[in-house]
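Colleague: File follows, data_18.cif with mmCIF, C-alpha atoms:
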data_coords
#
loop_
_atom_site.label_atom_id
_atom_site.label_comp_id
_atom_site.auth_asym_id
_atom_site.auth_seq_id
_atom_site.Cartn_x
_atom_site.Cartn_y
_atom_site.Cartn_z
CA MET L 1 132.96 206.35 377.04
CA GLU L 2 134.84 203.10 377.13
CA LYS L 3 134.31 199.99 375.06
CA GLY L 4 131.98 197.40 376.55
CA HIS L 5 130.34 199.65 379.14
CA THR L 6 128.24 202.19 377.30
CA LYS L 7 127.70 202.36 373.57
CA GLN L 8 125.14 204.19 371.51
CA LYS L 9 124.18 203.50 367.95
CA SER L 10 121.14 204.64 366.06
CA MET L 11 119.14 202.90 363.39
CA ALA L 12 116.54 204.35 361.01
CA SER L 13 113.41 203.36 362.92
CA SER L 14 114.66 202.77 366.47
CA SER L 15 117.74 203.18 368.60
CA THR L 16 119.66 200.66 370.66
CA VAL L 17 121.24 201.74 373.91
CA MET L 18 123.78 199.67 375.79
CA LYS L 19 123.63 200.20 379.55
CA ALA L 20 125.34 198.62 382.55
CA GLU L 21 123.29 195.92 384.32
CA ASN L 22 123.53 197.63 387.67
CA GLY L 23 121.43 200.56 386.42
CA GLN L 24 124.27 203.08 386.40
CA SER L 25 124.16 205.73 383.72
CA SER L 26 126.98 206.42 381.31
CA SER L 27 128.29 209.19 383.57
CA SER L 28 129.16 206.70 386.37
CA SER L 29 132.73 205.65 386.93
CA SER L 30 133.76 202.87 384.61
CA SER L 31 136.55 201.61 386.87
CA SER L 32 134.14 200.45 389.57
CA SER L 33 132.11 198.38 387.11
CA LYS L 34 135.33 196.85 385.71
CA LYS L 35 136.35 195.73 389.19
CA ARG L 36 132.97 194.12 389.84
CA GLY L 37 133.04 192.27 386.52
CA ARG L 38 129.62 193.36 385.27
CA ARG L 39 128.62 192.99 381.64
CA ALA L 40 126.66 195.40 379.52
CA THR L 41 123.05 194.59 378.56
CA THR L 42 121.05 195.80 375.60
CA ILE L 43 117.85 197.80 376.02
CA LEU L 44 115.80 198.30 372.87
CA THR L 45 113.50 201.26 372.52
CA LEU L 46 110.35 201.01 370.46
CA PRO L 47 109.93 203.09 367.32
CA GLN L 48 108.29 206.45 367.87
CA PRO L 49 104.59 206.63 366.92
CA ARG L 50 103.70 208.41 363.74
CA PRO L 51 102.14 211.86 364.02
CA HIS L 52 98.34 211.81 364.13
CA GLN L 53 96.86 212.04 360.64
CA PRO L 54 93.49 213.83 360.55
CA LYS L 55 90.77 211.70 358.96
CA GLU L 56 88.76 212.88 356.03
CA ARG L 57 85.23 213.64 357.09
CA SER L 58 82.14 213.39 354.93
CA PRO L 59 80.34 216.58 353.82
CA LEU L 60 77.39 215.62 356.06
CA THR L 61 79.66 215.38 359.08
CA ILE L 62 81.29 218.72 358.28
CA ALA L 63 77.86 220.36 357.99
CA THR L 64 76.76 218.89 361.34
CA LEU L 65 79.96 220.08 363.03
CA ARG L 66 79.42 223.56 361.61
CA LEU L 67 75.88 223.63 363.10
CA VAL L 68 77.15 222.37 366.46
CA LYS L 69 79.86 225.03 366.60
CA GLU L 70 77.43 227.80 365.63
CA LYS L 71 75.04 226.77 368.40
CA ALA L 72 77.90 226.69 370.90
CA GLU L 73 78.93 230.22 369.89
CA LYS L 74 75.34 231.45 370.33
CA ARG L 75 75.22 229.96 373.85
CA GLY L 76 78.44 231.69 374.74
CA LYS L 77 81.58 230.33 376.34
CA ARG L 78 80.36 228.36 379.35
CA THR L 79 83.04 225.68 379.53
CA SER L 80 86.24 225.83 381.51
CA ARG L 81 89.63 226.12 379.82
CA ALA L 82 90.64 222.76 381.25
CA VAL L 83 87.83 220.94 379.42
CA SER L 84 88.93 219.32 376.16
CA VAL L 85 86.37 218.55 373.45
CA ARG L 86 86.78 216.01 370.63
CA HIS L 87 84.36 215.13 367.84
CA PHE L 88 83.91 211.75 366.16
CA ASP L 89 81.80 210.36 363.32
CA ASN L 90 80.96 206.91 361.96
CA THR L 91 84.49 206.50 360.55
CA ASP L 92 85.90 206.14 364.09
CA ILE L 93 86.02 202.61 365.48
CA ASN L 94 84.10 203.37 368.70
CA TYR L 95 81.29 205.10 366.83
CA TYR L 96 80.88 202.80 363.82
CA TRP L 97 77.17 202.48 364.68
CA LEU L 98 76.41 206.16 363.95
CA LEU L 99 74.63 207.05 360.74
CA PRO L 100 76.34 209.36 358.24
CA GLY L 101 75.98 212.98 359.33
CA TRP L 102 75.64 212.13 363.01
CA VAL L 103 78.45 213.31 365.28
CA ALA L 104 79.60 212.17 368.73
CA GLU L 105 81.26 214.63 371.07
CA GLU L 106 83.45 213.67 374.02
CA ARG L 107 84.21 216.24 376.68
CA TYR L 108 86.98 215.39 379.13
CA VAL L 109 86.48 217.25 382.41
CA PRO L 110 89.44 216.88 384.76
CA SER L 111 88.82 216.54 388.48
CA GLY L 112 90.84 217.92 391.36
CA ARG L 113 93.21 214.97 391.44
CA LYS L 114 95.97 214.57 388.92
CA GLY L 115 95.16 212.30 385.96
CA LEU L 116 91.58 211.65 386.97
CA GLY L 117 88.52 213.05 385.34
CA ARG L 118 85.29 212.23 383.60
CA ILE L 119 84.32 211.88 379.95
CA TYR L 120 80.88 213.13 378.97
CA LYS L 121 79.48 211.94 375.65
CA TYR L 122 76.94 213.81 373.55
CA TYR L 123 75.49 212.97 370.15
CA TYR L 124 74.26 215.36 367.46
CA ASP L 125 71.96 214.67 364.52
CA PRO L 126 72.38 216.44 361.14
CA THR L 127 70.02 219.24 362.30
CA GLY L 128 72.21 219.94 365.35
CA HIS L 129 69.84 218.48 367.98
CA MET L 130 71.75 217.11 370.98
CA TYR L 131 71.17 213.67 372.54
CA TYR L 132 72.67 212.66 375.88
CA SER L 133 73.11 208.91 375.38
CA LYS L 134 73.33 206.15 372.80
CA ARG L 135 69.98 204.90 374.06
CA GLU L 136 68.34 208.25 373.23
CA VAL L 137 69.87 208.15 369.73
CA LEU L 138 68.55 204.64 369.05
CA PHE L 139 65.11 205.64 370.37
CA ALA L 140 65.08 208.71 368.10
CA TRP L 141 65.99 206.53 365.09
CA LYS L 142 63.18 204.15 365.94
CA LYS L 143 60.74 207.06 366.36
CA MET L 144 61.77 208.53 362.98
CA ASN L 145 61.46 205.09 361.32
CA ILE L 146 65.08 205.37 360.25
CA ILE L 147 66.25 202.17 361.87
CA CYS L 148 64.75 199.67 364.24
CA LEU L 149 67.09 197.77 366.53
CA ASP L 150 66.20 195.11 369.04
CA PRO L 151 67.58 195.86 372.53
#
Using structure tokens, write down the structure from this file.
Modeller:
Amino acid sequence: MEKGHTKQKSMASSSTVMKAENGQSSSSSSSSSKKRGRRATTILTLPQPRPHQPKERSPLTIATLRLVKEKAEKRGKRTSRAVSVRHFDNTDINYYWLLPGWVAEERYVPSGRKGLGRIYKYYYDPTGHMYYSKREVLFAWKKMNIICLDP
């Protein structure tokens, strides 16, 4: 590597890479870029994201998840390997409206095309009963006199 064409230096949180303006990598011939009189430009890379920290869940949420998993085991394995399932509670920003002990489940089902798919959402109460929509959950709360929301 020659001075002025390609330099690498690393910092604690991010790295800076100097690269030729013409898009050539460091393995390209340096004599051709000298003849053309091109200068080096700086490309900054963003810091790497921190590893995902699991959130602490309330004892009610843990009990509901245990019930949901037990019911799923009783039903048997009916989902495909490609389906990914994630659980959320009222500590997650998209599900702040859930009451403590209620759990939301998102199932991502990929389609035939790359990168496309569908997310199915299900909601579980502390007894393990499944609801298919937010509207059903709000109706159940109203029916149980837990909470009454205007539409």
Colleague: Please enumerate the residues selected by the PyMOL selection byres ((chain L and resi 87-93) around 8) when evaluated against the supplied file, formatted as a list in words.
Modeller: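 For this structure, the PyMOL selection byres ((chain L and resi 87-93) around 8) captures Arg57, Thr61, Val85, Arg86, Asn94, Tyr95, Tyr96, Trp97, Leu98, Leu99, Pro100, Gly101, Trp102, Val103, Ala104, Glu105 and Glu106 of chain L.
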Colleague: Atom CA of Glu136 of chain L and atom CA of Lys121 of chain L, how far apart in Å?
Modeller: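 Rounded to one decimal, the two atoms are 12.0 Å apart.
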Colleague: Decode the PyMOL selection byres ((chain L and resi 82) around 12) for the given file into explicit residues and return them as number ranges by chain.
Modeller: L: 78-81, 83-85, 107-112, 117
Colleague: Run the PyMOL selection byres ((chain L and resi 138) around 12) on the file and write out the hits as a count of residues only.
Modeller: 26
Colleague: Which distance in Å separates atom CA of Glu56 of chain L and atom CA of Lys69 of chain L, to one decimal?
Modeller: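 One can read the atom CA of Glu56 of chain L to atom CA of Lys69 of chain L distance as 18.4 Å.
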Colleague: Measure the distance from atom CA of Gly128 of chain L to atom CA of Ser58 of chain L in Å and round it to one decimal.
Modeller: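 Separating atom CA of Gly128 of chain L from atom CA of Ser58 of chain L is a distance of 15.8 Å.
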Colleague: Compare L:His129, L:Arg118, L:Arg113, L:Lys55 by their minimum atom-to-atom distance to Leu67 of chain L, counting all atoms listed in the file, and give me the closest one.
Modeller: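 Checking each candidate against Leu67 of chain L, we get L:His129 as the closest.
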